[in-house]
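Novice: Sending over input35.pdb (PDB, C-alpha atoms).
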MODEL        1
ATOM      1  CA  MET A   1      73.568 117.802  12.499  1.00  0.00           C
ATOM      2  CA  ARG A   2      70.794 120.268  13.337  1.00  0.00           C
ATOM      3  CA  SER A   3      71.281 122.668  16.210  1.00  0.00           C
ATOM      4  CA  THR A   4      69.119 122.583  19.319  1.00  0.00           C
ATOM      5  CA  ASP A   5      67.379 125.756  18.123  1.00  0.00           C
ATOM      6  CA  GLY A   6      66.721 124.132  14.753  1.00  0.00           C
ATOM      7  CA  GLU A   7      65.301 121.037  16.393  1.00  0.00           C
ATOM      8  CA  GLU A   8      63.024 123.150  18.578  1.00  0.00           C
ATOM      9  CA  LEU A   9      61.786 125.054  15.536  1.00  0.00           C
ATOM     10  CA  ASP A  10      61.069 121.763  13.777  1.00  0.00           C
ATOM     11  CA  ARG A  11      59.058 120.625  16.808  1.00  0.00           C
ATOM     12  CA  LEU A  12      57.111 123.882  16.813  1.00  0.00           C
ATOM     13  CA  LEU A  13      56.300 123.550  13.107  1.00  0.00           C
ATOM     14  CA  ASP A  14      55.273 119.912  13.600  1.00  0.00           C
ATOM     15  CA  GLU A  15      52.934 121.071  16.369  1.00  0.00           C
ATOM     16  CA  GLN A  16      51.544 123.785  14.118  1.00  0.00           C
ATOM     17  CA  LEU A  17      50.740 121.226  11.432  1.00  0.00           C
ATOM     18  CA  ALA A  18      49.153 118.929  14.019  1.00  0.00           C
ATOM     19  CA  TYR A  19      46.946 121.822  15.109  1.00  0.00           C
ATOM     20  CA  TYR A  20      45.638 122.484  11.623  1.00  0.00           C
ATOM     21  CA  ARG A  21      45.100 118.794  10.944  1.00  0.00           C
ATOM     22  CA  ALA A  22      43.092 118.483  14.156  1.00  0.00           C
ATOM     23  CA  LEU A  23      41.194 121.705  13.465  1.00  0.00           C
ATOM     24  CA  ALA A  24      40.315 120.897   9.851  1.00  0.00           C
ATOM     25  CA  ALA A  25      36.736 119.752  10.465  1.00  0.00           C
ATOM     26  CA  ASP A  26      35.948 122.930  12.458  1.00  0.00           C
ATOM     27  CA  TYR A  27      38.168 125.380  10.596  1.00  0.00           C
ATOM     28  CA  LEU A  28      35.371 127.040   8.656  1.00  0.00           C
ATOM     29  CA  ASP A  29      33.739 127.997  11.968  1.00  0.00           C
ATOM     30  CA  GLN A  30      36.890 129.790  13.179  1.00  0.00           C
ATOM     31  CA  GLY A  31      36.834 132.872  10.934  1.00  0.00           C
ATOM     32  CA  LEU A  32      37.657 136.256  12.421  1.00  0.00           C
ATOM     33  CA  ASP A  33      34.521 138.394  12.624  1.00  0.00           C
ATOM     34  CA  LEU A  34      36.518 141.604  12.392  1.00  0.00           C
ATOM     35  CA  PRO A  35      36.361 144.657  10.102  1.00  0.00           C
ATOM     36  CA  GLY A  36      38.436 144.778   6.950  1.00  0.00           C
ATOM     37  CA  GLY A  37      37.820 141.330   5.489  1.00  0.00           C
ATOM     38  CA  GLY A  38      35.724 142.706   2.668  1.00  0.00           C
ATOM     39  CA  GLU A  39      38.573 145.017   1.660  1.00  0.00           C
ATOM     40  CA  VAL A  40      40.819 141.996   1.126  1.00  0.00           C
ATOM     41  CA  THR A  41      38.248 140.357  -1.161  1.00  0.00           C
ATOM     42  CA  GLU A  42      37.871 143.592  -3.127  1.00  0.00           C
ATOM     43  CA  ALA A  43      41.664 143.869  -3.444  1.00  0.00           C
ATOM     44  CA  LEU A  44      41.910 140.332  -4.807  1.00  0.00           C
ATOM     45  CA  ASP A  45      39.179 141.080  -7.350  1.00  0.00           C
ATOM     46  CA  ALA A  46      41.052 144.203  -8.440  1.00  0.00           C
ATOM     47  CA  PHE A  47      44.283 142.189  -8.708  1.00  0.00           C
ATOM     48  CA  GLN A  48      42.588 139.592 -10.951  1.00  0.00           C
ATOM     49  CA  PRO A  49      44.722 136.444 -10.491  1.00  0.00           C
ATOM     50  CA  LYS A  50      44.629 135.287 -14.112  1.00  0.00           C
ATOM     51  CA  GLY A  51      46.451 132.409 -15.797  1.00  0.00           C
ATOM     52  CA  SER A  52      47.956 129.505 -13.904  1.00  0.00           C
ATOM     53  CA  VAL A  53      47.748 130.197 -10.175  1.00  0.00           C
ATOM     54  CA  LEU A  54      49.626 128.523  -7.330  1.00  0.00           C
ATOM     55  CA  GLU A  55      47.887 128.692  -3.960  1.00  0.00           C
ATOM     56  CA  LEU A  56      50.208 128.032  -1.033  1.00  0.00           C
ATOM     57  CA  ALA A  57      48.629 126.681   2.177  1.00  0.00           C
ATOM     58  CA  CYS A  58      45.166 126.421   0.632  1.00  0.00           C
ATOM     59  CA  GLY A  59      43.557 124.990   3.767  1.00  0.00           C
ATOM     60  CA  PRO A  60      39.914 123.993   3.219  1.00  0.00           C
ATOM     61  CA  GLY A  61      39.653 125.962  -0.020  1.00  0.00           C
ATOM     62  CA  VAL A  62      38.243 129.207   1.342  1.00  0.00           C
ATOM     63  CA  TRP A  63      40.101 131.231  -1.297  1.00  0.00           C
ATOM     64  CA  THR A  64      40.396 128.545  -3.978  1.00  0.00           C
ATOM     65  CA  GLY A  65      36.916 129.170  -5.311  1.00  0.00           C
ATOM     66  CA  GLN A  66      37.580 132.902  -5.576  1.00  0.00           C
ATOM     67  CA  LEU A  67      40.812 132.240  -7.462  1.00  0.00           C
ATOM     68  CA  LEU A  68      38.912 130.080  -9.937  1.00  0.00           C
ATOM     69  CA  ARG A  69      36.818 133.113 -10.916  1.00  0.00           C
ATOM     70  CA  TYR A  70      39.886 134.424 -12.747  1.00  0.00           C
ATOM     71  CA  ALA A  71      42.423 131.598 -13.034  1.00  0.00           C
ATOM     72  CA  THR A  72      42.739 129.193 -15.919  1.00  0.00           C
ATOM     73  CA  ASP A  73      43.844 126.546 -13.437  1.00  0.00           C
ATOM     74  CA  VAL A  74      44.904 126.380  -9.786  1.00  0.00           C
ATOM     75  CA  THR A  75      47.515 124.243  -8.057  1.00  0.00           C
ATOM     76  CA  ALA A  76      46.631 124.168  -4.359  1.00  0.00           C
ATOM     77  CA  VAL A  77      49.263 122.974  -1.881  1.00  0.00           C
ATOM     78  CA  ASP A  78      48.774 122.179   1.784  1.00  0.00           C
ATOM     79  CA  ALA A  79      50.482 119.905   4.321  1.00  0.00           C
ATOM     80  CA  SER A  80      47.207 118.676   5.828  1.00  0.00           C
ATOM     81  CA  PRO A  81      45.410 115.836   4.028  1.00  0.00           C
ATOM     82  CA  GLU A  82      42.309 116.648   6.063  1.00  0.00           C
ATOM     83  CA  MET A  83      42.271 120.226   4.795  1.00  0.00           C
ATOM     84  CA  LEU A  84      42.838 119.101   1.206  1.00  0.00           C
ATOM     85  CA  ALA A  85      39.938 116.646   1.386  1.00  0.00           C
ATOM     86  CA  ILE A  86      37.607 119.430   2.513  1.00  0.00           C
ATOM     87  CA  ALA A  87      38.898 121.766  -0.186  1.00  0.00           C
ATOM     88  CA  ALA A  88      38.399 119.162  -2.923  1.00  0.00           C
ATOM     89  CA  ALA A  89      34.850 118.502  -1.722  1.00  0.00           C
ATOM     90  CA  ARG A  90      34.056 122.227  -1.731  1.00  0.00           C
ATOM     91  CA  VAL A  91      35.498 123.321  -5.070  1.00  0.00           C
ATOM     92  CA  GLY A  92      35.952 120.094  -7.032  1.00  0.00           C
ATOM     93  CA  THR A  93      39.005 119.077  -9.021  1.00  0.00           C
ATOM     94  CA  GLU A  94      38.093 119.981 -12.599  1.00  0.00           C
ATOM     95  CA  ARG A  95      40.539 122.910 -12.774  1.00  0.00           C
ATOM     96  CA  VAL A  96      42.373 122.348  -9.512  1.00  0.00           C
ATOM     97  CA  ARG A  97      45.379 120.156  -8.805  1.00  0.00           C
ATOM     98  CA  PHE A  98      45.752 119.430  -5.092  1.00  0.00           C
ATOM     99  CA  ILE A  99      49.177 118.595  -3.668  1.00  0.00           C
ATOM    100  CA  GLN A 100      49.906 117.450  -0.128  1.00  0.00           C
ATOM    101  CA  ALA A 101      53.334 118.763   0.846  1.00  0.00           C
ATOM    102  CA  ASP A 102      55.304 120.561   3.532  1.00  0.00           C
ATOM    103  CA  LEU A 103      55.825 124.078   2.196  1.00  0.00           C
ATOM    104  CA  PHE A 104      59.181 124.314   3.947  1.00  0.00           C
ATOM    105  CA  THR A 105      60.586 121.462   1.837  1.00  0.00           C
ATOM    106  CA  TRP A 106      58.350 121.365  -1.268  1.00  0.00           C
ATOM    107  CA  LYS A 107      59.760 122.211  -4.707  1.00  0.00           C
ATOM    108  CA  PRO A 108      57.560 123.237  -7.668  1.00  0.00           C
ATOM    109  CA  ASP A 109      57.436 121.130 -10.834  1.00  0.00           C
ATOM    110  CA  ARG A 110      56.358 124.046 -13.044  1.00  0.00           C
ATOM    111  CA  LEU A 111      56.125 127.845 -13.115  1.00  0.00           C
ATOM    112  CA  TYR A 112      53.042 129.984 -12.477  1.00  0.00           C
ATOM    113  CA  ASP A 113      51.623 133.332 -13.482  1.00  0.00           C
ATOM    114  CA  VAL A 114      50.473 134.089  -9.939  1.00  0.00           C
ATOM    115  CA  VAL A 115      51.363 132.874  -6.456  1.00  0.00           C
ATOM    116  CA  PHE A 116      48.598 133.426  -3.907  1.00  0.00           C
ATOM    117  CA  ILE A 117      49.261 133.149  -0.151  1.00  0.00           C
ATOM    118  CA  GLY A 118      46.133 133.358   1.969  1.00  0.00           C
ATOM    119  CA  PHE A 119      46.640 133.786   5.722  1.00  0.00           C
ATOM    120  CA  TRP A 120      49.825 131.728   5.830  1.00  0.00           C
ATOM    121  CA  LEU A 121      52.653 134.241   5.804  1.00  0.00           C
ATOM    122  CA  SER A 122      52.176 135.003   9.512  1.00  0.00           C
ATOM    123  CA  HIS A 123      52.730 131.296  10.240  1.00  0.00           C
ATOM    124  CA  VAL A 124      56.161 131.322   8.594  1.00  0.00           C
ATOM    125  CA  PRO A 125      58.783 131.745  11.355  1.00  0.00           C
ATOM    126  CA  ALA A 126      61.326 134.541  10.980  1.00  0.00           C
ATOM    127  CA  GLU A 127      64.070 131.933  10.533  1.00  0.00           C
ATOM    128  CA  ARG A 128      62.319 130.617   7.401  1.00  0.00           C
ATOM    129  CA  PHE A 129      61.147 133.959   5.955  1.00  0.00           C
ATOM    130  CA  THR A 130      63.966 134.329   3.444  1.00  0.00           C
ATOM    131  CA  SER A 131      63.871 130.708   2.277  1.00  0.00           C
ATOM    132  CA  PHE A 132      60.085 130.863   1.938  1.00  0.00           C
ATOM    133  CA  TRP A 133      60.322 133.844  -0.387  1.00  0.00           C
ATOM    134  CA  SER A 134      63.032 132.052  -2.342  1.00  0.00           C
ATOM    135  CA  LEU A 135      60.459 129.309  -2.884  1.00  0.00           C
ATOM    136  CA  VAL A 136      57.920 131.867  -4.091  1.00  0.00           C
ATOM    137  CA  ALA A 137      60.481 133.222  -6.567  1.00  0.00           C
ATOM    138  CA  ASP A 138      61.222 129.696  -7.800  1.00  0.00           C
ATOM    139  CA  CYS A 139      57.498 129.192  -8.521  1.00  0.00           C
ATOM    140  CA  LEU A 140      56.958 132.279 -10.669  1.00  0.00           C
ATOM    141  CA  LYS A 141      57.336 132.945 -14.357  1.00  0.00           C
ATOM    142  CA  PRO A 142      59.577 135.936 -15.162  1.00  0.00           C
ATOM    143  CA  GLU A 143      56.586 138.304 -15.272  1.00  0.00           C
ATOM    144  CA  GLY A 144      54.737 136.496 -12.506  1.00  0.00           C
ATOM    145  CA  ARG A 145      52.839 138.274  -9.747  1.00  0.00           C
ATOM    146  CA  VAL A 146      52.200 137.699  -6.036  1.00  0.00           C
ATOM    147  CA  PHE A 147      49.177 138.400  -3.868  1.00  0.00           C
ATOM    148  CA  PHE A 148      48.930 137.648  -0.171  1.00  0.00           C
ATOM    149  CA  ALA A 149      46.498 138.426   2.623  1.00  0.00           C
ATOM    150  CA  ASP A 150      46.906 137.967   6.349  1.00  0.00           C
ATOM    151  CA  ASP A 151      46.313 139.497   9.759  1.00  0.00           C
ATOM    152  CA  ALA A 152      48.275 140.405  12.876  1.00  0.00           C
ATOM    153  CA  HIS A 153      45.466 139.486  15.269  1.00  0.00           C
ATOM    154  CA  ARG A 154      46.495 137.657  18.447  1.00  0.00           C
ATOM    155  CA  THR A 155      44.387 137.528  21.591  1.00  0.00           C
ATOM    156  CA  PRO A 156      46.024 138.071  25.018  1.00  0.00           C
ATOM    157  CA  ASP A 157      45.313 134.486  26.107  1.00  0.00           C
ATOM    158  CA  GLU A 158      47.156 133.159  23.029  1.00  0.00           C
ATOM    159  CA  LEU A 159      50.428 134.763  24.049  1.00  0.00           C
ATOM    160  CA  ILE A 160      52.882 132.392  25.718  1.00  0.00           C
ATOM    161  CA  GLU A 161      55.500 135.029  26.497  1.00  0.00           C
ATOM    162  CA  ASP A 162      55.501 138.778  25.889  1.00  0.00           C
ATOM    163  CA  PRO A 163      53.812 140.361  22.848  1.00  0.00           C
ATOM    164  CA  SER A 164      57.093 140.415  20.917  1.00  0.00           C
ATOM    165  CA  SER A 165      57.185 136.603  20.794  1.00  0.00           C
ATOM    166  CA  SER A 166      55.866 134.945  17.639  1.00  0.00           C
ATOM    167  CA  THR A 167      54.990 131.672  19.395  1.00  0.00           C
ATOM    168  CA  ILE A 168      51.381 131.413  20.554  1.00  0.00           C
ATOM    169  CA  ARG A 169      49.075 128.689  21.816  1.00  0.00           C
ATOM    170  CA  ARG A 170      45.623 127.733  20.628  1.00  0.00           C
ATOM    171  CA  GLN A 171      43.117 125.212  21.926  1.00  0.00           C
ATOM    172  CA  ILE A 172      40.738 123.061  19.888  1.00  0.00           C
ATOM    173  CA  SER A 173      37.289 121.897  20.957  1.00  0.00           C
ATOM    174  CA  ASP A 174      38.487 118.739  22.725  1.00  0.00           C
ATOM    175  CA  GLY A 175      40.737 120.828  24.983  1.00  0.00           C
ATOM    176  CA  THR A 176      44.054 119.947  23.354  1.00  0.00           C
ATOM    177  CA  VAL A 177      46.470 122.872  23.305  1.00  0.00           C
ATOM    178  CA  TYR A 178      48.971 123.396  20.503  1.00  0.00           C
ATOM    179  CA  ARG A 179      51.794 125.837  19.957  1.00  0.00           C
ATOM    180  CA  LEU A 180      52.097 127.559  16.625  1.00  0.00           C
ATOM    181  CA  VAL A 181      53.761 130.493  14.914  1.00  0.00           C
ATOM    182  CA  LYS A 182      51.925 133.797  14.534  1.00  0.00           C
ATOM    183  CA  VAL A 183      54.199 136.634  13.448  1.00  0.00           C
ATOM    184  CA  PRO A 184      52.439 139.994  13.960  1.00  0.00           C
ATOM    185  CA  HIS A 185      53.734 141.616  10.777  1.00  0.00           C
ATOM    186  CA  GLN A 186      53.256 145.343  10.429  1.00  0.00           C
ATOM    187  CA  PRO A 187      52.639 146.380   6.802  1.00  0.00           C
ATOM    188  CA  ALA A 188      55.436 148.966   6.557  1.00  0.00           C
ATOM    189  CA  ASP A 189      58.006 146.639   8.117  1.00  0.00           C
ATOM    190  CA  LEU A 190      56.875 143.724   5.966  1.00  0.00           C
ATOM    191  CA  GLU A 191      57.119 145.826   2.828  1.00  0.00           C
ATOM    192  CA  ARG A 192      60.656 146.853   3.825  1.00  0.00           C
ATOM    193  CA  GLN A 193      61.700 143.234   4.474  1.00  0.00           C
ATOM    194  CA  LEU A 194      60.400 142.180   1.078  1.00  0.00           C
ATOM    195  CA  ARG A 195      62.139 145.073  -0.647  1.00  0.00           C
ATOM    196  CA  GLN A 196      65.429 143.956   0.905  1.00  0.00           C
ATOM    197  CA  LEU A 197      64.856 140.541  -0.680  1.00  0.00           C
ATOM    198  CA  GLY A 198      64.320 142.076  -4.107  1.00  0.00           C
ATOM    199  CA  TRP A 199      60.519 142.156  -4.181  1.00  0.00           C
ATOM    200  CA  HIS A 200      58.440 145.125  -5.248  1.00  0.00           C
ATOM    201  CA  ILE A 201      55.302 144.500  -3.222  1.00  0.00           C
ATOM    202  CA  LYS A 202      52.972 147.158  -1.833  1.00  0.00           C
ATOM    203  CA  VAL A 203      51.502 146.084   1.520  1.00  0.00           C
ATOM    204  CA  THR A 204      48.203 147.734   2.441  1.00  0.00           C
ATOM    205  CA  SER A 205      46.347 147.839   5.762  1.00  0.00           C
ATOM    206  CA  THR A 206      42.582 147.471   6.042  1.00  0.00           C
ATOM    207  CA  ALA A 207      40.197 149.072   8.513  1.00  0.00           C
ATOM    208  CA  GLY A 208      40.703 146.076  10.817  1.00  0.00           C
ATOM    209  CA  PRO A 209      43.694 143.817  11.616  1.00  0.00           C
ATOM    210  CA  PHE A 210      43.987 142.491   8.072  1.00  0.00           C
ATOM    211  CA  TYR A 211      46.513 143.482   5.434  1.00  0.00           C
ATOM    212  CA  TRP A 212      47.213 142.470   1.871  1.00  0.00           C
ATOM    213  CA  GLY A 213      50.159 142.718  -0.483  1.00  0.00           C
ATOM    214  CA  ALA A 214      50.470 142.648  -4.257  1.00  0.00           C
ATOM    215  CA  GLY A 215      53.398 142.995  -6.604  1.00  0.00           C
ATOM    216  CA  SER A 216      56.231 141.123  -8.249  1.00  0.00           C
ATOM    217  CA  ARG A 217      59.948 140.503  -8.162  1.00  0.00           C
ATOM    218  CA  GLY A 218      61.031 142.257 -11.316  1.00  0.00           C
ATOM    219  CA  LYS A 219      59.019 145.475 -11.337  1.00  0.00           C
ATOM    220  CA  ARG A 220      57.350 147.909  -9.010  1.00  0.00           C
ATOM    221  CA  PRO A 221      53.606 147.457  -8.400  1.00  0.00           C
ATOM    222  CA  THR A 222      51.337 149.879 -10.214  1.00  0.00           C
TER     223      THR A 222
ENDMDL
END
Mind converting the file's structure to structure tokens?

Specialist:
Amino acid sequence: MRSTDGEELDRLLDEQLAYYRALAADYLDQGLDLPGGGEVTEALDAFQPKGSVLELACGPGVWTGQLLRYATDVTAVDASPEMLAIAAARVGTERVRFIQADLFTWKPDRLYDVVFIGFWLSHVPAERFTSFWSLVADCLKPEGRVFFADDAHRTPDELIEDPSSSTIRRQISDGTVYRLVKVPHQPADLERQLRQLGWHIKVTSTAGPFYWGAGSRGKRPT
């Protein structure tokens, strides 16, 4: 039987999914107009995600098209059917396999050369951090690589409690308010957490609130 804390976390994650499903149609208008975004794109180009790429939490396909510049094929997973429909319409399905699944329960059916995580890691609660990275490990070939990008940006009106809390609230255009997870990772701390789990990933800050990480499980990043 799940504990009360576990049940509350499940409710929070259900609410987070409901938010992104409801936001799907307007998601592309919600981008952060903050410095540093271009650095992330340049970092991904330098990383060159070649081979078979797994994109976790692909959303409406913002990054999928960029991955296809290098990848042989992309498997894009997201829990929102609305997001997946937009992504498929934007990038097509010729070299992309779309999968609707909850990333906290999904299991891969093959291994990949690269796992890409675009602006999702901050939405993984601390209680699921270790299990999420176990999933990433289970998805990679022995010499597989990881690239992720995210931000620690949270506005004062999003905070429900004090700034140390990772639960925030956001409102969509019809006025509905949802709770969701937004962990304000700091690059050095995140790099240390990943190292403790056996990953060799260098996490780099940008000029703005964004950060990106690249590396692997079996060897140190170059």

Novice: Here's a test: counting only C-alpha atoms, identify every protein, DNA and RNA residue with an atom at most 6 Å from (51.1, 135.0, 20.1) in the file's coordinate frame, and state them as an mmCIF file with C-alpha atoms, keeping the file's coordinate frame.

Specialist:
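Result went into out_24.cif, see below:
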data_model
loop_
_atom_site.group_PDB
_atom_site.id
_atom_site.type_symbol
_atom_site.label_atom_id
_atom_site.label_comp_id
_atom_site.auth_asym_id
_atom_site.auth_seq_id
_atom_site.Cartn_x
_atom_site.Cartn_y
_atom_site.Cartn_z
ATOM 1 C CA ARG A 154 46.495 137.657 18.447
ATOM 2 C CA GLU A 158 47.156 133.159 23.029
ATOM 3 C CA LEU A 159 50.428 134.763 24.049
ATOM 4 C CA SER A 166 55.866 134.945 17.639
ATOM 5 C CA THR A 167 54.990 131.672 19.395
ATOM 6 C CA ILE A 168 51.381 131.413 20.554
ATOM 7 C CA LYS A 182 51.925 133.797 14.534
#

Novice: Could you tell me how far atom CA of Thr204 of chain A lies from atom CA of Asp102 of chain A, in Å and to one decimal?

Specialist: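 Those two atoms sit 28.1 Å apart.
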
Novice: List the residues selected by the PyMOL selection byres ((chain A and resi 17) around 10) in the file shown, writing them as an MDAnalysis selection string.

Specialist: chainID A and resid 11:16 18:23 78:80 102 178:180

Novice: Would you mind reading off the distance between atom CA of Gly175 of chain A and atom CA of Thr155 of chain A, one decimal, in Å?

Specialist: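 Separation of atom CA of Gly175 of chain A and atom CA of Thr155 of chain A: 17.4 Å.
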
Novice: In Å to one decimal, how far is atom CA of Ser216 of chain A from atom CA of Gly51 of chain A?

Specialist: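 Atom-to-atom, atom CA of Gly51 of chain A and atom CA of Ser216 of chain A are spaced 15.1 Å apart.
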
Novice: Taking the file as shown, what set of residues would the PyMOL selection byres ((chain A and resi 117) around 6) give back, as a PyMOL selection string?

Specialist: chain A and resi 56+116+118+148

Novice: Considering only C-alpha atoms, state which residue in the set A:Pro125, A:Pro187, A:Gly213, A:Gly144 is at the smallest distance from Val53 of chain A.

Specialist: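 Closest residue, counting only C-alpha atoms: A:Gly144.
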
Novice: Run through the PyMOL selection byres ((chain A and resi 93-97) around 8) on the given coordinates and return the selected residues as an MDAnalysis selection string.

Specialist: chainID A and resid 68 72:76 88 91:92 98:99

Novice: Return the single residue from A:Thr41, A:Thr64, A:Ser205, A:Ser134 that is closest to His185 of chain A, with distances computed using only C-alpha atoms.

Specialist: A:Ser205

Novice: Pick the closest to Ala71 of chain A from A:Glu8, A:Asp151, A:Asp174, A:Asp45: which is it, counting only C-alpha atoms?

Specialist: A:Asp45

Novice: Using only C-alpha atoms, pick whichever of A:Glu42, A:Asp150, A:Glu143, A:Asp109 has the shortest atom-to-atom distance to Ser122 of chain A.

Specialist: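 Under the stated criterion, the closest residue is A:Asp150.
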
Novice: Tell me which of A:Ser164, A:Thr176, A:Gln66, A:Gln186 sits closest to Trp212 of chain A, counting all atoms listed in the file.

Specialist: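 Result for the nearest residue to Trp212 of chain A: A:Gln186.
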
Novice: Would you kindly return, as a PDB file with C-alpha atoms, in the frame of the given file, each protein, DNA or RNA residue with an atom no farther than 10 Å from any atom of segment 193-197 of chain A, considering only C-alpha atoms and excluding same-chain residues fewer than 6 positions away?

Specialist:
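Contents of part-v9.pdb, as written:
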ATOM      1  CA  PHE A 129      61.147 133.959   5.955  1.00  0.00           C
ATOM      2  CA  THR A 130      63.966 134.329   3.444  1.00  0.00           C
ATOM      3  CA  TRP A 133      60.322 133.844  -0.387  1.00  0.00           C
ATOM      4  CA  SER A 134      63.032 132.052  -2.342  1.00  0.00           C
ATOM      5  CA  PRO A 187      52.639 146.380   6.802  1.00  0.00           C
ATOM      6  CA  VAL A 203      51.502 146.084   1.520  1.00  0.00           C
ATOM      7  CA  ARG A 217      59.948 140.503  -8.162  1.00  0.00           C
TER       8      ARG A 217
END

Novice: Can you find the residues with an atom no farther than 10 Å from (43.9, 136.8, -17.0), counting all atoms listed in the file, and report them as a list in words?

Specialist: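 With a cut-off of 10 Å, the residues come to Phe47, Gln48, Pro49, Lys50, Gly51, Ser52, Tyr70, Ala71, Thr72 and Asp113 of chain A.
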
Novice: Between A:Leu54, A:Gly59, A:Pro156, A:Ser173, which is the closest to Leu140 of chain A once you count only C-alpha atoms?

Specialist: A:Leu54
